[in-house]
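Here's the structure we're looking at; comments come further down.
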Amino acid sequence: MIGASVVRSDAFVKVTGRAVYGVDYQEINMLHGFLLRSPVAAGRVIKLDISIALGMDGVQSILTAKDQPSEMAGWVLREQRLFASEELRYEGEPIALVIAKTYDEAKAAASSILLEIDEWKGVDLVAASTTNARIIHKNWKSYVPTAGPNADYPRDGNLACETKSNAVGVDVAFGQATKIIEDKFCSNRQYQAYLEPKSAVATYVNGQFTIHTASQHPFNVRERVSQFLGVRISSVRVIGKTIGGGFGGKLDAALEPYAALAAKVTGSPVKIMNTRTEDILTCPSRENALITIRTALNAAGEMIGRDVVVDMDNGAYSTEMPWLASLPLHILGAIYEIDGPTRITSRLWYTNTAPTGAFRGVGGTYLYMALERHIDNIANSIGMDRLEFRLRHLIDDGAVSHVGQILPDAGILREGFNEIQKVVSWEETVANLKPFQGVGIASGFWLTNPMPGQATVKLNEDGTVSVITGATENGSGAVAMGVRQIVAQGLGVDVNDVSVSMPDTDISSYDAGSQGSRTTHIVGRAALNASTEVKRQILEQASNLLEVDAADLQISNSLISVVGSPSISVSLGEVATNALWAVGPITATSSYTTPPISFDPGCASGLLFPTFPTPTYHVHLAVVEVDPVTGGVKILRYVVVQEVGKAINPDAVRGQIQGAVAQGVGLTLYESLRIGKDCRYLERTLENYRLPIALDVPDVEIRLMEHPDECGPFGAKGAAEPAIVFVPAAILNAVSHAIGRNVTSIPLTPECVLDLIERES
Amino acid sequence: MNITLSVNERTQTVQIDGSETLLEMLRNHLGLLGTKEGCTEGECGACSVLVDGQPVHSCIYLAAATEGCQVLTIEGISHGDELSKLQSELINGGGVQCGFCTPGFVVVLTALLKKSSNPSASEIRNALSGNICRCTGYTQIVESVLQLTEGKKTSNKSNLMINGSMS
């Protein structure tokens with residue numbers, strides 16, 4: 001069962017069109033909501049007149065800031081209310097919600113609301129980080145962290161969070177340098193572009209809200225709805241629907257609190273759906289960032305100091321970004337050893353743009369791009385082969401990270417480099433490249449999200465097994481295959497006899513959502529522990545029925561039999577039924593979260609996300625060909641060597657890596673989500689936001705390394721997220737090699753490539 | 001206005017608004033929710049259906065234009081619990097993840113396989129150029145079709161090795 005291919009439990013409904021996604025869900029007598037959103041990035045509402053709209057066909061109610069609870073809400077910082085009351089902080093910010101009998105009526109009425117705005121010049125990332133720009137949140141000091149006032153962190157005006165290492169001797173090292181290598185990198189935003197736009201359906205009965213939504217993190221939605229509406233979390237029930245992709249973009253609440261308020265006001269079920277353009281404008285996309293990285297070299301070409309500044313775009317509100325501002329400290333001091341101090345300053349800035357957030361691989365994508373491009377430039381500057389330079393400086397077992405985390409098995413990185421050489425010989429490839437071809441390599445480590453999960457395993461009276469968990473199946477198969485395989489293996493039953501519930505916050509215990517490759521590792525561990533206890537109960541009951549010592553019994557093919565005497569047996573169904581009247585139903589529940597990992601708390605200020613738990617190790621290699629006429633980049637080969645602990649389902653792991661590389665190719669070469677001079681997105685539809693199609697994506701050559709984790713179920717670590725992280729680094733190194741230019745920004749569109757080629761080298 | 005057409009081999013008369021799209025008619029009037037709305041501008045292909053055997057993006061195709069036509073949606077591909085061979089291969093080959101694009105892919109590939117019993121990998125990729133999948137990176141979808149037509153999957157699986165061995 002472990003290491004095998006199995007049929008996903010949701011395969012039939014998905015392949016026949018019968019799966020009920022969030023957008024498909026309906027209630028009887030359901031009303032429809034449509035949001036009036038800010039058409040400008042910054043400004044002040046002068047006049048908001050809903051009187052004409054209220055009289056239009058089908059309109060039931062129109063909600064504005066006057067109707068909202070006074071509570072402030074937010075994932076990390078409580079800084080938001082449902083509707084902008086006066087100041088507008090990003091294009092797409094909700095101003096009013098029209099509730100009508102049909103979607104078309106709601107939309108028509110929203111366009112009849114009279115809105116007058118005094119538009120201001122928006123503050124973008126460059127303005128926020130380099131000038132004394134207008135403060136976007138004048139009351140920023142009054143905002144309270146969601147975890148309480150004692151959990152506050154370094155913030156100051158437009159600086160939404162600052163994370164900074166307390167390095168000593170960096171300036172001295174730069175003073176002693178004989179050469180300083182300095183690079184500046186730029187990464188644009190990337191839109192998750194899940195195929196199913198966001199939606200939500202809410203009902204309200206007798207003080208209880210029920211929300212139906214395709215969320216990656218129903219418990220987070222519950223908390224956010226309770227914050228925005230000022231009710232306790234137990235007054236909100238969130239029921240998960242099939243998710244049409246998320247990739248981080250469906251971790252926070254979006255339309256759910258609006259649907260909830262509308263259901264309360266109207267007394268009817270209310271559905272709200274995003275158009276694709278609304279979804280692009282308001283989705284918490286991967287943040288844009290500017291990175292400056294400087295390394296001091298001595299006369300021998302040794303790295304004796306590093307100084308890094310990363311400026312990230314928070315957008316108008318913080319979502320989970322203050323946590324992610326810690327990432328530069330984990331990544332930019334890692335992987336390659338330096339003989340000297342490193343100082344990393346990470347600054348997160350409020351801007352008049354849509355709030356940014358998590359997208360698979362989060363900031364790791366551009367941070368590894370910056371690190372690995374910089375390493376190439378250092379190697380080139382001292383005339384050393386880029387691979388040799390890496391192998392000379394690679395960290396090893398027991399390495400201590402920039403934040404003081406010990407990496408006991410970091411030597412896996414070197415194994416990864418050896419492994420990739422078996423697929424593609426570096427020397428031969430470099431020697432045989434044709435003009436405008438190049439090769440790039442990148443490596444690094446990534447975390448398995450440690451946050452808590454839970455599973456209840458129960459044996460049914462027909463001998464089948466049900467798992468109840470709040471874990472969400474985001475499409476990866478972690479629930480639809482992985483958790484089922486783990487339980488089947490743990491109990492000795494057929495995987496097709498194991499089913500898993502959909503998430504429901506009233507039924508399961510807390511689950512931290514499908515993020516950071518955590519589901520197989522965390523929920524799998526909880527489910528395996530519960531299975532072990534269920535197995536103990538089964539054997540105890542069977543022991544009584546068969547009058548044989550439990551130690552002499554085994555479970556296979558849904559039968560409990562005596563080891564050595566297989567004819568003496570009882571079925572799982574009989575055991576389950578007998579147990580009902582003997583001891584009660586056979587069931588067990590278990591919880592798991594990764595135990596805390598030690599680090600150096602004095603190493604930095606503002607380090608909200610202090611460690612990289614259950615790390616995995618990765619090496620990527622790209623061979624590319626650039627068309628000097630069109631500027632197009634063709635990927636000739638793409639190789640991923642990835643350490644996974646244990647591949648519970650190798651075909652599924654392959655699907656995750658192939659899919660992650662495709663998203664990485666999009667991020668690196670095609671997907672442009674530009675912020676215009678007026679702080680509004682230039683790309684607003686899928687017509688001009690260019691996603692990779694079947695003709696663009698290479699077949700990835702994949703080599704998995706297995707070093708089982710002692711806590712992971714059957715040794716599994718996180719596997720789904722990380723392959724995207726190293727794609728921009730590998731491709732940009734390859735393109736730089738191909739055209740002999742220092743490529744420093746993504747997306748690297750054909751226009752950018754031509755511009756670089758035409759520049760003097 | 002009323003139009004009469006065949007949907008999944010059943011002749012129906014539907015009352016529609018002249019400006020309605022085929023997608024709106026399928027989802028809102030006929031309750032056929034398997035066809036998905038991803039972008040409403042003919043870019044993503046989640047709404048793909050066949051009109052007289054030809055794949056169309058139903059989100060930008062007027063319902064009124066299907067008068068007298070044969071429309072085939074995802075609901076007409078399988079029969080009861082019996083999947084088409086293509087559907088089975090997509091499941092076995094790892095061609096389904098979140099599944100939101102899957103109905104569109106099934107419909108378009110069904111049309112391709114009707115035209116060409118033995119398409120090459122590049123013909124498959126070309127046929128899919130109007131359909132976006134954000135999860136799979138396409139490889140396992142393409143392989144599923146090749147497996148169905150040529151039994152090619154084993155050769156492509158060399159793209160995955162674990163601890164130095166074929167998986």
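In the structure tokens, chains take letters A, B, ... by order of appearance, with residues numbered from 1 within each chain and ligands from 1 in the order shown.
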
Taking only C-alpha atoms into account, what are the residues of chain B at most 8 Å from chain A, put as a count of residues only? 53

As a list in words, please: every residue in range 54-131 of chain B that DSSP puts in strand (DSSP E or B). Gln54, Pro55, Val56, His57, Leu62, Gln70, Val71, Leu72, His79 and Glu82 of chain B

Pick out each residue of range 302-514 of chain A that DSSP on the backbone tags as alpha helix (DSSP H); I need them as a PyMOL selection string. chain A and resi 321-324+327-331+364-381+386-393+412-423+426-431+484-491

Can you write just those residues out, C-alpha atoms, as a PDB file, in the first residue's frame?
ATOM      1  CA  MET A 321       2.635  38.255   5.333  1.00  0.00           C
ATOM      2  CA  PRO A 322       4.282  39.311   8.629  1.00  0.00           C
ATOM      3  CA  TRP A 323       5.096  35.621   9.192  1.00  0.00           C
ATOM      4  CA  LEU A 324       6.522  35.299   5.694  1.00  0.00           C
ATOM      5  CA  LEU A 327      11.834  33.806   5.158  1.00  0.00           C
ATOM      6  CA  PRO A 328      14.874  35.772   3.979  1.00  0.00           C
ATOM      7  CA  LEU A 329      16.623  34.932   7.257  1.00  0.00           C
ATOM      8  CA  HIS A 330      16.154  31.215   6.666  1.00  0.00           C
ATOM      9  CA  ILE A 331      17.181  31.180   3.024  1.00  0.00           C
ATOM     10  CA  GLY A 364      11.282  31.099  -1.391  1.00  0.00           C
ATOM     11  CA  THR A 365      10.902  31.387  -5.155  1.00  0.00           C
ATOM     12  CA  TYR A 366      12.586  34.774  -5.468  1.00  0.00           C
ATOM     13  CA  LEU A 367      14.888  34.351  -2.464  1.00  0.00           C
ATOM     14  CA  TYR A 368      16.513  31.241  -3.934  1.00  0.00           C
ATOM     15  CA  MET A 369      16.546  33.004  -7.297  1.00  0.00           C
ATOM     16  CA  ALA A 370      18.529  35.842  -5.715  1.00  0.00           C
ATOM     17  CA  LEU A 371      20.855  33.544  -3.782  1.00  0.00           C
ATOM     18  CA  GLU A 372      21.609  31.211  -6.679  1.00  0.00           C
ATOM     19  CA  ARG A 373      22.037  33.967  -9.271  1.00  0.00           C
ATOM     20  CA  HIS A 374      24.369  35.698  -6.828  1.00  0.00           C
ATOM     21  CA  ILE A 375      26.373  32.493  -6.285  1.00  0.00           C
ATOM     22  CA  ASP A 376      26.739  32.124 -10.078  1.00  0.00           C
ATOM     23  CA  ASN A 377      27.987  35.713 -10.286  1.00  0.00           C
ATOM     24  CA  ILE A 378      30.489  35.190  -7.466  1.00  0.00           C
ATOM     25  CA  ALA A 379      31.819  31.999  -9.054  1.00  0.00           C
ATOM     26  CA  ASN A 380      32.104  33.710 -12.435  1.00  0.00           C
ATOM     27  CA  SER A 381      33.866  36.706 -10.868  1.00  0.00           C
ATOM     28  CA  ARG A 386      29.726  27.332 -10.941  1.00  0.00           C
ATOM     29  CA  LEU A 387      29.133  23.720  -9.893  1.00  0.00           C
ATOM     30  CA  GLU A 388      32.573  23.379  -8.339  1.00  0.00           C
ATOM     31  CA  PHE A 389      32.053  26.600  -6.361  1.00  0.00           C
ATOM     32  CA  ARG A 390      28.814  25.207  -4.978  1.00  0.00           C
ATOM     33  CA  LEU A 391      30.274  21.832  -4.057  1.00  0.00           C
ATOM     34  CA  ARG A 392      33.170  23.548  -2.265  1.00  0.00           C
ATOM     35  CA  HIS A 393      30.850  25.616  -0.092  1.00  0.00           C
ATOM     36  CA  ILE A 412      21.622  15.096   1.740  1.00  0.00           C
ATOM     37  CA  LEU A 413      22.299  18.159  -0.425  1.00  0.00           C
ATOM     38  CA  ARG A 414      25.610  16.689  -1.573  1.00  0.00           C
ATOM     39  CA  GLU A 415      23.858  13.410  -2.331  1.00  0.00           C
ATOM     40  CA  GLY A 416      21.420  15.428  -4.425  1.00  0.00           C
ATOM     41  CA  PHE A 417      24.237  16.974  -6.437  1.00  0.00           C
ATOM     42  CA  ASN A 418      25.695  13.490  -7.012  1.00  0.00           C
ATOM     43  CA  GLU A 419      22.282  12.211  -8.044  1.00  0.00           C
ATOM     44  CA  ILE A 420      21.688  14.981 -10.568  1.00  0.00           C
ATOM     45  CA  GLN A 421      25.109  14.337 -12.107  1.00  0.00           C
ATOM     46  CA  LYS A 422      23.946  10.779 -12.846  1.00  0.00           C
ATOM     47  CA  VAL A 423      21.086  12.191 -14.930  1.00  0.00           C
ATOM     48  CA  TRP A 426      27.538  18.919 -15.930  1.00  0.00           C
ATOM     49  CA  GLU A 427      30.887  18.833 -17.739  1.00  0.00           C
ATOM     50  CA  GLU A 428      29.514  17.113 -20.847  1.00  0.00           C
ATOM     51  CA  THR A 429      26.477  19.353 -20.982  1.00  0.00           C
ATOM     52  CA  VAL A 430      28.512  22.540 -20.640  1.00  0.00           C
ATOM     53  CA  ALA A 431      30.991  21.297 -23.266  1.00  0.00           C
ATOM     54  CA  ARG A 484      -6.177   6.520   3.010  1.00  0.00           C
ATOM     55  CA  GLN A 485      -3.029   4.569   2.104  1.00  0.00           C
ATOM     56  CA  ILE A 486      -1.501   5.266   5.508  1.00  0.00           C
ATOM     57  CA  VAL A 487      -4.625   4.073   7.344  1.00  0.00           C
ATOM     58  CA  ALA A 488      -4.985   1.027   5.093  1.00  0.00           C
ATOM     59  CA  GLN A 489      -1.380   0.064   5.722  1.00  0.00           C
ATOM     60  CA  GLY A 490      -1.660   0.753   9.435  1.00  0.00           C
ATOM     61  CA  LEU A 491      -4.719  -1.482   9.798  1.00  0.00           C
TER      62      LEU A 491
END

Show me, as a PDB file with C-alpha atoms, in the first residue's frame, the residues that have an atom within 9 Å of His29 in chain B when counting only C-alpha atoms, minus same-chain residues fewer than 2 positions from it.
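Wrote selection.pdb, looks like this:
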ATOM      1  CA  VAL B  14     -35.428  25.186 -23.564  1.00  0.00           C
ATOM      2  CA  GLN B  15     -36.679  28.700 -22.924  1.00  0.00           C
ATOM      3  CA  ILE B  16     -33.725  31.043 -22.962  1.00  0.00           C
ATOM      4  CA  GLU B  24     -25.496  29.605 -18.742  1.00  0.00           C
ATOM      5  CA  MET B  25     -28.139  27.477 -20.403  1.00  0.00           C
ATOM      6  CA  LEU B  26     -26.431  24.233 -19.386  1.00  0.00           C
ATOM      7  CA  ARG B  27     -25.783  25.241 -15.781  1.00  0.00           C
ATOM      8  CA  GLY B  31     -28.831  21.820 -14.114  1.00  0.00           C
ATOM      9  CA  LEU B  32     -25.797  20.338 -15.850  1.00  0.00           C
TER      10      LEU B  32
END

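The space separating CA of Leu572 in chain A from CA of Ile560 in chain A comes to 6.7 Å.
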
For Val400 in chain A: contacts at 12 Å, only C-alpha atoms, fewer than 6 positions along chain excluded, given as a PyMOL selection string: chain A and resi 330+333-338+406-410+598-600+611-612

Store the residues of this selection in a file with N, CA and C atoms, as a short mmCIF file (atom, residue, chain, number, x, y, z; two decimals), in the first residue's frame.
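File produced: part-v1.cif:
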data_model
loop_
_atom_site.label_atom_id
_atom_site.label_comp_id
_atom_site.auth_asym_id
_atom_site.auth_seq_id
_atom_site.Cartn_x
_atom_site.Cartn_y
_atom_site.Cartn_z
N HIS A 330 15.93 32.65 6.77
CA HIS A 330 16.15 31.22 6.67
C HIS A 330 16.94 30.86 5.40
N GLY A 333 20.93 33.01 4.22
CA GLY A 333 22.16 32.67 4.93
C GLY A 333 22.42 31.17 4.90
N ALA A 334 21.73 30.46 4.01
CA ALA A 334 21.78 28.99 4.05
C ALA A 334 22.52 28.40 2.86
N ILE A 335 22.64 27.11 2.85
CA ILE A 335 23.08 26.25 1.73
C ILE A 335 24.57 26.35 1.44
N TYR A 336 25.09 27.58 1.26
CA TYR A 336 26.51 27.71 0.94
C TYR A 336 27.20 28.45 2.08
N GLU A 337 28.23 27.81 2.63
CA GLU A 337 28.89 28.37 3.81
C GLU A 337 29.70 29.60 3.47
N ILE A 338 29.66 30.55 4.39
CA ILE A 338 30.43 31.79 4.26
C ILE A 338 31.40 31.85 5.44
N ILE A 406 19.66 23.68 13.92
CA ILE A 406 20.60 22.65 13.49
C ILE A 406 19.95 21.79 12.41
N LEU A 407 20.69 21.55 11.35
CA LEU A 407 20.20 20.72 10.24
C LEU A 407 21.00 19.42 10.26
N PRO A 408 20.50 18.40 10.98
CA PRO A 408 21.31 17.20 11.20
C PRO A 408 21.66 16.46 9.91
N ASP A 409 20.78 16.55 8.90
CA ASP A 409 21.00 15.74 7.70
C ASP A 409 21.20 16.59 6.44
N ALA A 410 21.82 17.77 6.61
CA ALA A 410 22.00 18.66 5.46
C ALA A 410 22.94 18.08 4.41
N SER A 598 14.48 23.87 18.26
CA SER A 598 15.22 24.94 18.90
C SER A 598 15.93 25.81 17.87
N PHE A 599 16.07 27.08 18.22
CA PHE A 599 16.76 28.06 17.39
C PHE A 599 17.36 29.09 18.33
N ASP A 600 17.97 30.10 17.78
CA ASP A 600 18.61 31.12 18.61
C ASP A 600 17.70 32.36 18.67
N THR A 611 11.62 28.82 12.50
CA THR A 611 12.40 27.66 12.04
C THR A 611 11.81 27.06 10.77
N PHE A 612 12.56 26.17 10.17
CA PHE A 612 12.14 25.40 9.00
C PHE A 612 12.00 23.95 9.43
#

With a distance cut-off of 9 Å and only C-alpha atoms, select the neighbouring residues of range 104-110 of chain A, excluding the residue or stretch itself and same-chain residues fewer than 2 positions from it, and output the selection as a PyMOL selection string. chain A and resi 32-36+50+52-59+62+96-102+112-113

Top pick for closest residue to Thr464 in chain A, considering A:Ile382, A:Glu574, A:Gly444, A:Gly357 and counting only C-alpha atoms: A:Glu574

With distances taken over only C-alpha atoms, which of B:Glu89, B:Glu123, B:Glu143, B:Glu9 is nearest to Gly76 in chain B?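 For Gly76 in chain B, the nearest of the candidates is B:Glu9.
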
I'd like the interatomic distance between CA of Met384 in chain A and CA of Ala730 in chain A, to a tenth of an Å.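 We find that CA of Met384 in chain A and CA of Ala730 in chain A lie 18.2 Å from each other.
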
Can you tell me which residues surround Cys69 in chain B at a distance of at most 10 Å, considering only C-alpha atoms, apart from same-chain residues fewer than 4 positions away, and format the answer as a list in words?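 Surrounding residues, per the criterion: Ile3, Thr4, Leu5, Ser6, Val7, Thr11, Leu50, Val51, Asp52, Gly53 and Ala65 of chain B.
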
Counting only C-alpha atoms, closest pick from A:Thr749, A:Ser567, A:Thr594, A:Thr353 relative to Lys677 in chain A is A:Thr353

Computed interatomic separation between CA of Asp156 in chain A and CA of Trp140 in chain A (Å):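 Interatomic distance, CA of Asp156 in chain A to CA of Trp140 in chain A: 7.8 Å.
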
Spatial neighbours of range 252-268 of chain A, 6 Å, only C-alpha atoms, chain gap at least 4 places, as a JSON list (two decimals) with C-alpha atoms, in the first residue's frame:
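New file result-v3.json:
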[["chain", "number", "residue", "atom", "x", "y", "z"],
["A", 200, "ALA", "CA", -19.23, 31.29, -0.70],
["A", 202, "ALA", "CA", -23.92, 31.25, 3.92],
["A", 203, "THR", "CA", -27.02, 30.59, 5.96],
["A", 204, "TYR", "CA", -28.02, 32.07, 9.31],
["A", 221, "VAL", "CA", -12.32, 30.91, 7.60],
["A", 225, "VAL", "CA", -15.86, 35.16, 10.01]]
